[in-house]
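Here is protein_34.json, consisting of JSON, C-alpha atoms and all ligand atoms:
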[["chain", "number", "residue", "atom", "x", "y", "z"],
["A", 1, "MET", "CA", 0.00, 0.00, 0.00],
["A", 2, "ALA", "CA", 1.34, 3.41, -0.91],
["A", 3, "PRO", "CA", 2.18, 5.58, 2.13],
["A", 4, "LYS", "CA", -0.33, 8.28, 2.89],
["A", 5, "THR", "CA", 0.99, 11.74, 2.11],
["A", 6, "SER", "CA", -0.51, 14.98, 3.25],
["A", 7, "PRO", "CA", -0.63, 17.81, 0.71],
["A", 8, "LYS", "CA", 2.40, 20.09, 1.10],
["A", 9, "ALA", "CA", 1.53, 23.39, 2.74],
["A", 10, "PRO", "CA", 2.22, 26.34, 0.43],
["A", 11, "ALA", "CA", 5.33, 28.32, 1.39],
["A", 12, "ILE", "CA", 4.63, 31.45, 3.41],
["A", 13, "LYS", "CA", 5.35, 34.50, 1.30],
["A", 14, "HIS", "CA", 7.76, 36.42, 3.51],
["A", 15, "PHE", "CA", 9.37, 39.61, 2.20],
["A", 16, "LEU", "CA", 12.70, 39.45, 4.02],
["A", 17, "ASP", "CA", 15.39, 40.63, 1.61],
["A", 18, "LEU", "CA", 15.84, 41.30, -2.11],
["A", 19, "ASP", "CA", 18.53, 38.63, -2.51],
["A", 20, "ARG", "CA", 15.94, 35.95, -1.68],
["A", 21, "PHE", "CA", 13.88, 36.76, -4.77],
["A", 22, "GLU", "CA", 14.09, 36.08, -8.48],
["A", 23, "PRO", "CA", 14.36, 39.36, -10.44],
["A", 24, "ALA", "CA", 11.03, 38.64, -12.16],
["A", 25, "THR", "CA", 9.18, 38.48, -8.83],
["A", 26, "LEU", "CA", 10.64, 41.79, -7.66],
["A", 27, "ARG", "CA", 9.80, 43.31, -11.04],
["A", 28, "GLU", "CA", 6.21, 42.07, -10.73],
["A", 29, "MET", "CA", 5.87, 43.75, -7.30],
["A", 30, "ILE", "CA", 7.25, 47.04, -8.64],
["A", 31, "GLU", "CA", 4.89, 46.97, -11.62],
["A", 32, "TRP", "CA", 1.98, 46.31, -9.23],
["A", 33, "GLY", "CA", 3.16, 49.31, -7.19],
["A", 34, "LYS", "CA", 3.09, 51.43, -10.35],
["A", 35, "ASP", "CA", -0.41, 50.11, -11.15],
["A", 36, "PHE", "CA", -1.64, 50.99, -7.66],
["A", 37, "LYS", "CA", -0.16, 54.48, -8.03],
["A", 38, "ARG", "CA", -2.09, 54.93, -11.29],
["A", 39, "GLY", "CA", -5.24, 53.78, -9.53],
["A", 40, "GLN", "CA", -5.35, 50.57, -11.56],
["A", 41, "ALA", "CA", -5.38, 47.74, -9.02],
["A", 42, "PRO", "CA", -3.82, 44.55, -10.40],
["A", 43, "GLY", "CA", -6.57, 41.97, -10.82],
["A", 44, "GLY", "CA", -9.11, 44.80, -11.11],
["A", 45, "GLU", "CA", -10.17, 44.64, -7.45],
["A", 46, "ALA", "CA", -9.89, 48.14, -5.96],
["A", 47, "ARG", "CA", -9.89, 46.95, -2.33],
["A", 48, "PRO", "CA", -8.20, 43.54, -2.35],
["A", 49, "PHE", "CA", -7.41, 43.53, 1.39],
["A", 50, "VAL", "CA", -10.95, 43.80, 2.79],
["A", 51, "GLY", "CA", -11.00, 41.71, 5.98],
["A", 52, "LYS", "CA", -7.19, 41.53, 6.17],
["A", 53, "ALA", "CA", -5.01, 43.02, 8.90],
["A", 54, "LEU", "CA", -1.34, 43.92, 9.16],
["A", 55, "ALA", "CA", 0.50, 44.05, 12.49],
["A", 56, "MET", "CA", 3.42, 46.48, 12.51],
["A", 57, "VAL", "CA", 6.05, 45.83, 15.18],
["A", 58, "PHE", "CA", 8.42, 48.72, 15.85],
["A", 59, "GLU", "CA", 11.51, 48.37, 18.00],
["A", 60, "ARG", "CA", 12.80, 51.62, 16.52],
["A", 61, "PRO", "CA", 11.24, 54.95, 15.54],
["A", 62, "SER", "CA", 9.69, 55.51, 12.13],
["A", 63, "THR", "CA", 7.77, 58.15, 10.24],
["A", 64, "ARG", "CA", 7.67, 56.95, 6.62],
["A", 65, "THR", "CA", 7.50, 53.19, 7.18],
["A", 66, "ARG", "CA", 4.78, 53.44, 9.76],
["A", 67, "VAL", "CA", 2.54, 55.88, 7.95],
["A", 68, "SER", "CA", 3.04, 54.46, 4.45],
["A", 69, "PHE", "CA", 2.31, 50.86, 5.49],
["A", 70, "GLU", "CA", -0.74, 51.91, 7.49],
["A", 71, "ARG", "CA", -2.11, 54.02, 4.65],
["A", 72, "ALA", "CA", -1.28, 51.32, 2.09],
["A", 73, "ILE", "CA", -3.28, 48.57, 3.75],
["A", 74, "ARG", "CA", -6.15, 50.85, 4.76],
["A", 75, "GLN", "CA", -6.50, 52.35, 1.26],
["A", 76, "LEU", "CA", -6.81, 48.80, -0.06],
["A", 77, "GLY", "CA", -9.57, 47.88, 2.41],
["A", 78, "GLY", "CA", -7.53, 46.33, 5.23],
["A", 79, "ASP", "CA", -6.63, 47.22, 8.78],
["A", 80, "ALA", "CA", -3.36, 47.98, 10.59],
["A", 81, "ILE", "CA", -2.30, 47.51, 14.20],
["A", 82, "VAL", "CA", 0.89, 49.04, 15.61],
["A", 83, "LEU", "CA", 2.90, 47.44, 18.42],
["A", 84, "GLU", "CA", 5.83, 49.29, 19.91],
["A", 85, "THR", "CA", 8.34, 47.53, 22.12],
["A", 86, "GLN", "CA", 7.56, 49.61, 25.17],
["A", 87, "GLY", "CA", 3.81, 49.27, 24.77],
["A", 88, "SER", "CA", 3.83, 45.50, 24.36],
["A", 89, "HIS", "CA", 5.24, 42.45, 26.11],
["A", 90, "LEU", "CA", 8.16, 42.40, 23.66],
["A", 91, "GLY", "CA", 9.60, 45.13, 25.88],
["A", 92, "ARG", "CA", 9.09, 42.93, 28.97],
["A", 93, "GLY", "CA", 10.82, 39.80, 27.73],
["A", 94, "GLU", "CA", 8.15, 37.90, 25.76],
["A", 95, "THR", "CA", 10.08, 36.16, 23.01],
["A", 96, "VAL", "CA", 9.89, 37.09, 19.36],
["A", 97, "ALA", "CA", 8.92, 33.47, 18.61],
["A", 98, "ASP", "CA", 5.92, 33.58, 20.96],
["A", 99, "THR", "CA", 4.94, 37.00, 19.63],
["A", 100, "ALA", "CA", 5.07, 35.61, 16.09],
["A", 101, "ARG", "CA", 2.85, 32.65, 17.03],
["A", 102, "VAL", "CA", 0.30, 34.87, 18.76],
["A", 103, "LEU", "CA", 0.15, 37.60, 16.11],
["A", 104, "SER", "CA", -0.32, 34.93, 13.45],
["A", 105, "ARG", "CA", -3.63, 34.02, 15.11],
["A", 106, "TYR", "CA", -4.92, 37.59, 14.77],
["A", 107, "VAL", "CA", -3.52, 39.11, 11.60],
["A", 108, "ASP", "CA", -2.71, 38.21, 7.98],
["A", 109, "ALA", "CA", 0.80, 39.68, 7.82],
["A", 110, "ILE", "CA", 3.42, 41.10, 10.17],
["A", 111, "MET", "CA", 5.84, 43.91, 9.41],
["A", 112, "ILE", "CA", 8.76, 44.27, 11.81],
["A", 113, "ARG", "CA", 11.39, 46.99, 12.24],
["A", 114, "THR", "CA", 14.28, 45.85, 14.41],
["A", 115, "THR", "CA", 17.96, 46.67, 14.74],
["A", 116, "ASP", "CA", 18.77, 42.97, 15.10],
["A", 117, "GLU", "CA", 18.30, 40.95, 11.91],
["A", 118, "ALA", "CA", 18.12, 37.77, 14.01],
["A", 119, "LYS", "CA", 14.76, 38.94, 15.36],
["A", 120, "LEU", "CA", 13.35, 39.35, 11.85],
["A", 121, "LEU", "CA", 14.46, 35.82, 11.01],
["A", 122, "GLU", "CA", 13.05, 34.47, 14.28],
["A", 123, "MET", "CA", 9.74, 36.18, 13.53],
["A", 124, "ALA", "CA", 9.65, 34.62, 10.06],
["A", 125, "GLU", "CA", 10.57, 31.18, 11.41],
["A", 126, "HIS", "CA", 7.70, 31.10, 13.88],
["A", 127, "ALA", "CA", 4.99, 33.13, 12.14],
["A", 128, "THR", "CA", 2.40, 31.32, 10.06],
["A", 129, "VAL", "CA", 1.62, 34.49, 8.09],
["A", 130, "PRO", "CA", 3.93, 36.54, 5.84],
["A", 131, "VAL", "CA", 6.59, 38.61, 7.60],
["A", 132, "ILE", "CA", 7.89, 41.83, 6.01],
["A", 133, "ASN", "CA", 11.27, 43.41, 6.75],
["A", 134, "GLY", "CA", 10.58, 47.02, 7.69],
["A", 135, "LEU", "CA", 14.32, 47.66, 8.32],
["A", 136, "THR", "CA", 16.97, 45.80, 10.28],
["A", 137, "ASP", "CA", 20.54, 46.64, 11.21],
["A", 138, "ARG", "CA", 21.53, 44.90, 7.98],
["A", 139, "THR", "CA", 19.04, 45.83, 5.25],
["A", 140, "HIS", "CA", 16.03, 47.96, 4.25],
["A", 141, "PRO", "CA", 14.41, 46.24, 1.24],
["A", 142, "CYS", "CA", 11.05, 48.07, 1.27],
["A", 143, "GLN", "CA", 12.89, 51.35, 0.81],
["A", 144, "LEU", "CA", 14.78, 49.93, -2.17],
["A", 145, "MET", "CA", 11.57, 48.88, -3.89],
["A", 146, "ALA", "CA", 10.38, 52.49, -3.63],
["A", 147, "ASP", "CA", 13.78, 53.74, -4.78],
["A", 148, "ILE", "CA", 13.81, 51.58, -7.92],
["A", 149, "MET", "CA", 10.28, 52.71, -8.70],
["A", 150, "THR", "CA", 11.31, 56.35, -8.23],
["A", 151, "PHE", "CA", 14.41, 56.08, -10.39],
["A", 152, "GLU", "CA", 12.37, 54.52, -13.20],
["A", 153, "GLU", "CA", 9.66, 57.19, -12.98],
["A", 154, "HIS", "CA", 12.28, 59.88, -13.50],
["A", 155, "ARG", "CA", 14.87, 58.24, -15.72],
["A", 156, "GLY", "CA", 13.40, 55.08, -17.26],
["A", 157, "ALA", "CA", 14.59, 51.49, -16.82],
["A", 158, "ILE", "CA", 17.34, 51.14, -14.22],
["A", 159, "GLU", "CA", 18.97, 48.15, -15.92],
["A", 160, "ASN", "CA", 22.55, 49.01, -17.04],
["A", 161, "ARG", "CA", 22.41, 52.47, -15.45],
["A", 162, "VAL", "CA", 24.97, 53.74, -12.92],
["A", 163, "VAL", "CA", 24.09, 54.48, -9.30],
["A", 164, "THR", "CA", 26.67, 55.95, -6.91],
["A", 165, "TRP", "CA", 26.32, 55.57, -3.18],
["A", 166, "SER", "CA", 28.33, 58.09, -1.15],
["A", 167, "GLY", "CA", 28.77, 57.64, 2.60],
["A", 168, "ASP", "CA", 28.31, 54.99, 5.25],
["A", 169, "GLY", "CA", 28.16, 51.38, 4.00],
["A", 170, "ASN", "CA", 25.06, 50.84, 6.15],
["A", 171, "ASN", "CA", 21.82, 48.86, 5.85],
["A", 172, "MET", "CA", 20.63, 51.00, 2.94],
["A", 173, "ALA", "CA", 23.92, 50.47, 1.09],
["A", 174, "ALA", "CA", 23.44, 46.73, 1.67],
["A", 175, "SER", "CA", 20.00, 46.75, 0.07],
["A", 176, "TRP", "CA", 21.37, 48.80, -2.84],
["A", 177, "ILE", "CA", 23.90, 45.97, -3.33],
["A", 178, "HIS", "CA", 21.10, 43.42, -3.44],
["A", 179, "ALA", "CA", 19.16, 45.65, -5.83],
["A", 180, "ALA", "CA", 22.12, 46.19, -8.18],
["A", 181, "VAL", "CA", 22.41, 42.43, -8.66],
["A", 182, "ARG", "CA", 18.70, 41.72, -8.95],
["A", 183, "PHE", "CA", 17.86, 44.71, -11.22],
["A", 184, "GLY", "CA", 21.08, 44.60, -13.26],
["A", 185, "PHE", "CA", 22.61, 48.05, -12.77],
["A", 186, "GLU", "CA", 26.12, 49.21, -11.88],
["A", 187, "LEU", "CA", 26.57, 50.30, -8.27],
["A", 188, "ARG", "CA", 29.60, 52.28, -7.13],
["A", 189, "LEU", "CA", 29.91, 52.53, -3.38],
["A", 190, "ALA", "CA", 32.16, 55.35, -2.17],
["A", 191, "CYS", "CA", 32.70, 54.74, 1.55],
["A", 192, "PRO", "CA", 35.47, 55.42, 4.07],
["A", 193, "GLU", "CA", 37.24, 52.09, 4.45],
["A", 194, "PRO", "CA", 36.23, 51.47, 8.11],
["A", 195, "LEU", "CA", 32.57, 51.92, 7.06],
["A", 196, "ASN", "CA", 32.62, 49.69, 4.00],
["A", 197, "PRO", "CA", 29.59, 47.41, 3.53],
["A", 198, "PRO", "CA", 29.97, 43.92, 5.05],
["A", 199, "ALA", "CA", 32.45, 41.73, 3.16],
["A", 200, "ASP", "CA", 30.00, 38.82, 2.86],
["A", 201, "LEU", "CA", 27.57, 41.04, 0.93],
["A", 202, "LEU", "CA", 30.30, 42.13, -1.47],
["A", 203, "ASP", "CA", 31.36, 38.47, -1.88],
["A", 204, "TRP", "CA", 27.74, 37.58, -2.68],
["A", 205, "ALA", "CA", 27.54, 40.31, -5.32],
["A", 206, "ARG", "CA", 30.79, 39.06, -6.89],
["A", 207, "GLU", "CA", 29.54, 35.45, -6.94],
["A", 208, "GLN", "CA", 26.36, 36.68, -8.68],
["A", 209, "ASN", "CA", 28.45, 38.55, -11.28],
["A", 210, "GLY", "CA", 27.06, 41.84, -10.01],
["A", 211, "ARG", "CA", 28.64, 45.10, -11.08],
["A", 212, "VAL", "CA", 29.38, 46.41, -7.58],
["A", 213, "LEU", "CA", 32.50, 48.47, -6.93],
["A", 214, "VAL", "CA", 33.73, 49.76, -3.56],
["A", 215, "THR", "CA", 36.11, 52.70, -3.50],
["A", 216, "GLN", "CA", 37.29, 55.55, -1.30],
["A", 217, "ASP", "CA", 37.51, 57.85, -4.34],
["A", 218, "VAL", "CA", 34.11, 59.51, -4.23],
["A", 219, "GLU", "CA", 34.79, 61.92, -7.09],
["A", 220, "ALA", "CA", 35.69, 59.10, -9.48],
["A", 221, "ALA", "CA", 32.67, 57.09, -8.25],
["A", 222, "VAL", "CA", 30.25, 59.89, -9.13],
["A", 223, "GLU", "CA", 31.72, 60.52, -12.61],
["A", 224, "GLY", "CA", 28.96, 59.99, -15.18],
["A", 225, "ALA", "CA", 26.47, 58.51, -12.67],
["A", 226, "ASP", "CA", 22.73, 58.49, -13.40],
["A", 227, "CYS", "CA", 21.85, 58.72, -9.73],
["A", 228, "VAL", "CA", 23.68, 59.77, -6.55],
["A", 229, "VAL", "CA", 22.43, 58.40, -3.23],
["A", 230, "THR", "CA", 23.41, 59.00, 0.35],
["A", 231, "ASP", "CA", 22.04, 58.44, 3.85],
["A", 232, "THR", "CA", 22.42, 59.71, 7.38],
["A", 233, "TRP", "CA", 25.85, 59.40, 8.95],
["A", 234, "VAL", "CA", 24.39, 57.96, 12.15],
["A", 235, "SER", "CA", 21.97, 55.12, 11.45],
["A", 236, "MET", "CA", 19.58, 53.77, 14.07],
["A", 237, "GLY", "CA", 21.68, 51.61, 16.38],
["A", 238, "ASP", "CA", 24.91, 53.56, 15.71],
["A", 239, "GLU", "CA", 24.09, 56.30, 18.21],
["A", 240, "THR", "CA", 26.38, 54.90, 20.92],
["A", 241, "GLY", "CA", 29.56, 55.03, 18.79],
["A", 242, "ASP", "CA", 32.08, 57.88, 18.54],
["A", 243, "SER", "CA", 29.98, 60.44, 16.69],
["A", 244, "GLN", "CA", 32.87, 62.86, 16.07],
["A", 245, "GLN", "CA", 34.98, 60.09, 14.54],
["A", 246, "ARG", "CA", 32.11, 59.06, 12.22],
["A", 247, "HIS", "CA", 31.64, 62.65, 11.12],
["A", 248, "ASP", "CA", 35.36, 63.06, 10.44],
["A", 249, "LEU", "CA", 35.41, 59.88, 8.37],
["A", 250, "LEU", "CA", 32.29, 60.76, 6.39],
["A", 251, "ARG", "CA", 32.77, 64.49, 5.77],
["A", 252, "PRO", "CA", 34.62, 63.94, 2.43],
["A", 253, "TYR", "CA", 31.58, 61.95, 1.22],
["A", 254, "ARG", "CA", 29.06, 64.78, 1.70],
["A", 255, "VAL", "CA", 26.95, 65.24, -1.43],
["A", 256, "ASP", "CA", 27.21, 68.87, -2.51],
["A", 257, "ASP", "CA", 26.83, 70.77, -5.78],
["A", 258, "ARG", "CA", 30.49, 70.26, -6.67],
["A", 259, "LEU", "CA", 30.09, 66.48, -6.38],
["A", 260, "MET", "CA", 26.76, 66.43, -8.25],
["A", 261, "ALA", "CA", 28.42, 68.36, -11.10],
["A", 262, "ARG", "CA", 30.52, 65.26, -11.82],
["A", 263, "ALA", "CA", 27.42, 63.11, -12.39],
["A", 264, "LYS", "CA", 25.47, 63.13, -15.67],
["A", 265, "PRO", "CA", 23.73, 66.45, -16.37],
["A", 266, "ASP", "CA", 20.34, 64.77, -15.82],
["A", 267, "ALA", "CA", 21.44, 62.74, -12.78],
["A", 268, "ILE", "CA", 19.00, 62.60, -9.89],
["A", 269, "PHE", "CA", 19.69, 62.71, -6.16],
["A", 270, "MET", "CA", 18.06, 60.24, -3.76],
["A", 271, "HIS", "CA", 17.95, 59.92, 0.05],
["A", 272, "CYS", "CA", 15.67, 57.60, 2.01],
["A", 273, "LEU", "CA", 15.22, 60.26, 4.77],
["A", 274, "PRO", "CA", 15.39, 61.48, 7.46],
["A", 275, "ALA", "CA", 18.10, 63.85, 6.18],
["A", 276, "HIS", "CA", 20.61, 66.01, 8.02],
["A", 277, "ARG", "CA", 21.30, 69.05, 5.87],
["A", 278, "GLY", "CA", 24.92, 70.11, 6.17],
["A", 279, "ASP", "CA", 26.06, 66.60, 7.12],
["A", 280, "GLU", "CA", 25.58, 63.94, 4.43],
["A", 281, "VAL", "CA", 24.00, 66.37, 1.94],
["A", 282, "THR", "CA", 23.85, 70.11, 1.46],
["A", 283, "ALA", "CA", 20.51, 71.92, 1.44],
["A", 284, "SER", "CA", 21.27, 73.09, -2.12],
["A", 285, "VAL", "CA", 21.26, 69.47, -3.34],
["A", 286, "ILE", "CA", 18.42, 67.93, -1.34],
["A", 287, "ASP", "CA", 16.19, 70.97, -1.88],
["A", 288, "GLY", "CA", 17.44, 71.53, -5.42],
["A", 289, "PRO", "CA", 16.04, 70.60, -8.85],
["A", 290, "ARG", "CA", 17.81, 67.24, -9.12],
["A", 291, "SER", "CA", 16.44, 65.90, -5.85],
["A", 292, "VAL", "CA", 13.58, 63.38, -6.06],
["A", 293, "VAL", "CA", 13.38, 62.66, -2.33],
["A", 294, "TRP", "CA", 9.71, 63.59, -1.91],
["A", 295, "ASP", "CA", 8.66, 61.27, -4.74],
["A", 296, "GLU", "CA", 10.88, 58.63, -3.15],
["A", 297, "ALA", "CA", 9.06, 59.05, 0.17],
["A", 298, "GLU", "CA", 5.65, 58.95, -1.55],
["A", 299, "ASN", "CA", 6.57, 55.82, -3.44],
["A", 300, "ARG", "CA", 6.99, 53.91, -0.18],
["A", 301, "LEU", "CA", 3.18, 53.91, -0.15],
["A", 302, "HIS", "CA", 2.77, 52.57, -3.68],
["A", 303, "ALA", "CA", 5.69, 50.11, -3.69],
["A", 304, "GLN", "CA", 4.53, 48.62, -0.40],
["A", 305, "LYS", "CA", 1.08, 48.06, -1.86],
["A", 306, "GLY", "CA", 2.86, 45.93, -4.46],
["A", 307, "ILE", "CA", 4.73, 44.05, -1.72],
["A", 308, "LEU", "CA", 1.57, 43.52, 0.35],
["A", 309, "TYR", "CA", -0.30, 42.34, -2.74],
["A", 310, "TRP", "CA", 2.41, 39.74, -3.37],
["A", 311, "CYS", "CA", 2.46, 38.62, 0.28],
["A", 312, "LEU", "CA", -1.30, 38.40, 0.68],
["A", 313, "SER", "CA", -2.44, 37.18, -2.70],
["B", 1, "LIG", "N1", 13.26, 55.83, 5.22],
["B", 1, "LIG", "C1", 12.62, 55.33, 6.28],
["B", 1, "LIG", "O1", 12.58, 54.10, 6.49],
["B", 1, "LIG", "O2", 12.02, 56.26, 7.07],
["B", 1, "LIG", "P1", 11.43, 56.01, 8.52],
["B", 1, "LIG", "O3", 12.62, 55.67, 9.43],
["B", 1, "LIG", "O4", 10.78, 57.30, 8.90],
["B", 1, "LIG", "O5", 10.46, 54.87, 8.48]]

Have the structure of the file written as structure tokens, please.
Amino acid sequence: MAPKTSPKAPAIKHFLDLDRFEPATLREMIEWGKDFKRGQAPGGEARPFVGKALAMVFERPSTRTRVSFERAIRQLGGDAIVLETQGSHLGRGETVADTARVLSRYVDAIMIRTTDEAKLLEMAEHATVPVINGLTDRTHPCQLMADIMTFEEHRGAIENRVVTWSGDGNNMAASWIHAAVRFGFELRLACPEPLNPPADLLDWAREQNGRVLVTQDVEAAVEGADCVVTDTWVSMGDETGDSQQRHDLLRPYRVDDRLMARAKPDAIFMHCLPAHRGDEVTASVIDGPRSVVWDEAENRLHAQKGILYWCLS
């Protein structure tokens, strides 16, 4: 007699990091985001999340991620619930695993922002609903989906274009590395050597035949770029380090008009925000005509609708 087999449960559709996806799947999510922005819901259903709820777990502050996710799910008919560490038992020692099991009984997806990637992975291991990475100490993939969408709105397809990152090789730089490989563009990372992106990420990009270059020569890195990107010099979780030393290391990487002049004449400037004018970028650049940062912030809303649609459909 043949052994009885139970049907295999479908894999849970977590959105953890860009390197875990095939390029076509990421592209599909971005195109859905563009559809949502145009008011054309994929599948023709204007409110596909009626009856669905998203829990948003924040161990760290947020303006854009919190508001854009909440608006995204509500505009599409669903509901959102916010848990902050101090207002929940996560702040009193309840494990991430138990939190994942409990939330999975109430909601249809969980977004988590944490400065410890291990907690994201623990949440995904124990949740029975999709888990979305809303930023960790290592990566910020939701922001990158909005960034790709924004680049393409302003400059067309990102494939084979040149993006220059100037500054700290932080979690945003890491997600730009993932994106460069998955979306097929050249990424030049100009970082002070002590703040280079993690070596394992650069090894991964090399193994994937990605066009990812790390250099200390910021002026050469910006030469002919289609897009210049930077981020705060003190990321969440870095606040306890030697702030003066970080500033001294990063000052030569500030994005100013002189640096932007080396990029292509139609190059755009991007920053995930919050920004510190006078540190990583001058006011003349971020508030100038080449800056697309407000579109970038808006596109968190639309790109995340694409991500939620993938996770929940
Ligand atoms: N860019 C970004 O993630 O912003 P918040 O920290 O405000 O969510």

Query raised in the report: So, counting only C-alpha atoms, which residue among A:Cys227, A:Glu22, A:Ser313, A:Asp257 is closest to Val293 in chain A?
Result: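 With only C-alpha atoms as the atom set, the closest residue is A:Cys227.
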
At most 10 Å is the cut-off: for each residue in chain A with any atom that close to an atom of ligand LIG 1 (chain B), write down the nearest atom pair and the distance in Å rounded to one decimal, counting all atoms listed in the file, chain first then increasing number, as a Markdown table.
| residue | atom | partner | partner_atom | distance |
| --- | --- | --- | --- | --- |
| A:Phe58 | CA | B:LIG1 | O5 | 9.8 |
| A:Arg60 | CA | B:LIG1 | O3 | 8.2 |
| A:Pro61 | CA | B:LIG1 | O3 | 6.3 |
| A:Ser62 | CA | B:LIG1 | O5 | 3.8 |
| A:Thr63 | CA | B:LIG1 | O4 | 3.4 |
| A:Arg64 | CA | B:LIG1 | O4 | 3.9 |
| A:Thr65 | CA | B:LIG1 | O5 | 3.6 |
| A:Arg66 | CA | B:LIG1 | O5 | 6.0 |
| A:Val67 | CA | B:LIG1 | O5 | 8.0 |
| A:Ser68 | CA | B:LIG1 | O5 | 8.5 |
| A:Phe69 | CA | B:LIG1 | O5 | 9.6 |
| A:Arg113 | CA | B:LIG1 | O5 | 8.8 |
| A:Gly134 | CA | B:LIG1 | O1 | 7.5 |
| A:Leu135 | CA | B:LIG1 | O1 | 6.9 |
| A:His140 | CA | B:LIG1 | O1 | 7.4 |
| A:Pro141 | CA | B:LIG1 | O1 | 9.6 |
| A:Cys142 | CA | B:LIG1 | O1 | 8.1 |
| A:Gln143 | CA | B:LIG1 | N1 | 6.3 |
| A:Leu144 | CA | B:LIG1 | N1 | 9.6 |
| A:Ala146 | CA | B:LIG1 | N1 | 9.9 |
| A:Met172 | CA | B:LIG1 | N1 | 9.1 |
| A:Asp231 | CA | B:LIG1 | N1 | 9.3 |
| A:Ser235 | CA | B:LIG1 | O3 | 9.6 |
| A:Met236 | CA | B:LIG1 | O3 | 8.6 |
| A:His271 | CA | B:LIG1 | N1 | 8.1 |
| A:Cys272 | CA | B:LIG1 | N1 | 4.4 |
| A:Leu273 | CA | B:LIG1 | N1 | 4.9 |
| A:Pro274 | CA | B:LIG1 | O2 | 6.2 |
| A:Ala275 | CA | B:LIG1 | N1 | 9.4 |
| A:Glu296 | CA | B:LIG1 | N1 | 9.1 |
| A:Ala297 | CA | B:LIG1 | N1 | 7.3 |
| A:Arg300 | CA | B:LIG1 | N1 | 8.5 |

Each residue of range 96-199 of chain A lying at most 10 Å from range 70-83 of chain A should get a row with its shortest atom-to-atom pair and the distance in Å to one decimal, counting only C-alpha atoms; could you produce that, ordered by chain and increasing number, as CSV?
residue,atom,partner,partner_atom,distance
A:Val107,CA,A:Ile81,CA,8.9
A:Asp108,CA,A:Gly78,CA,9.8
A:Ala109,CA,A:Ala80,CA,9.7
A:Ile110,CA,A:Ile81,CA,9.5
A:Met111,CA,A:Val82,CA,9.4
A:Ile112,CA,A:Leu83,CA,9.4

Please dump the current selection as a short mmCIF file (atom, residue, chain, number, x, y, z; two decimals), in the coordinates of the input; keep C-alpha atoms.
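Dumped everything to out.cif:
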data_model
loop_
_atom_site.label_atom_id
_atom_site.label_comp_id
_atom_site.auth_asym_id
_atom_site.auth_seq_id
_atom_site.Cartn_x
_atom_site.Cartn_y
_atom_site.Cartn_z
CA VAL A 107 -3.52 39.11 11.60
CA ASP A 108 -2.71 38.21 7.98
CA ALA A 109 0.80 39.68 7.82
CA ILE A 110 3.42 41.10 10.17
CA MET A 111 5.84 43.91 9.41
CA ILE A 112 8.76 44.27 11.81
#

**Report entry** Residue among A:Asp137, A:Asp116, A:Asp256, A:Glu186 lying closest to Ala205 in chain A, counting all atoms listed in the file
**Finding:**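 Looking at the shortest contact to Ala205 in chain A, the residue is A:Glu186.
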
Query raised in the report: Mind pulling up the distance from CA of Leu16 in chain A to CA of Asn133 in chain A?
Result: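 Taking CA of Asn133 in chain A and CA of Leu16 in chain A, their separation equals 5.0 Å.
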
Query raised in the report: Of the residues A:Ile148, A:Leu249, A:Ile30, A:Ala199, which is the one nearest to Trp176 in chain A, using only C-alpha atoms?
Result: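 Closest residue, counting only C-alpha atoms: A:Ile148.
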
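The residue that comes closest to Val181 in chain A, out of A:Leu201, A:Val131, A:Leu259, A:Val292 and on the basis of only C-alpha atoms, is A:Leu201.
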
Query raised in the report: For Val234 in chain A, which residue among A:Ser104, A:Asn299, A:Asn170, A:Thr282 is the nearest when counting all atoms listed in the file?
Result: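 Ranked by minimum distance to Val234 in chain A, first place goes to A:Asn170.
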
Requested in this report: Please determine the residues with any atom at most 12 Å from (0.9, 33.6, 15.3) (coordinates as given in the file, with all atoms listed in the file counting) and report them as a list of chain:residue names.
Outcome: A:Ala55, A:Val96, A:Ala97, A:Asp98, A:Thr99, A:Ala100, A:Arg101, A:Val102, A:Leu103, A:Ser104, A:Arg105, A:Tyr106, A:Val107, A:Asp108, A:Ala109, A:Ile110, A:Met123, A:Ala124, A:Glu125, A:His126, A:Ala127, A:Thr128, A:Val129, A:Pro130, A:Val131

Query - Shell of 9 Å around Glu31 in chain A, all atoms listed in the file, local chain residues under 6 positions omitted, as an MDAnalysis selection string - result: chainID A and resid 149 303 306

Query raised in the report: Could you work out how far CA of Arg206 in chain A lies from CA of Val218 in chain A, giving the answer in Å with one decimal?
Result: 20.9 Å

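Minimum atom-to-atom distances from A:Ser166, A:Asn209, A:Asn196, A:Thr139 to Leu18 in chain A were compared using all atoms listed in the file, and the lowest value belongs to A:Thr139.
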
Report task. Would you work out the distance separating CA of Phe185 in chain A from CA of Val212 in chain A, expressed in Å to one decimal? Result -> 8.7 Å

May I have the centre and edge lengths, in Å to one decimal, of an axis-aligned box around the listed atoms of range 56-64 of chain A with 6 Å added to every side, as JSON?
{"center_x": 8.1, "center_y": 52.0, "center_z": 12.3, "size_x": 21.4, "size_y": 24.3, "size_z": 23.4}

Requested in this report: Name the residues in contact with Ala157 in chain A at a cut-off of 12 Å, using only C-alpha atoms, excluding same-chain residues fewer than 3 positions from it; report them as a list of chain:residue names.
Outcome: A:Arg27, A:Ile30, A:Glu31, A:Ile148, A:Met149, A:Thr150, A:Phe151, A:Glu152, A:Glu153, A:His154, A:Asn160, A:Arg161, A:Val162, A:Phe183, A:Gly184, A:Phe185, A:Asp226
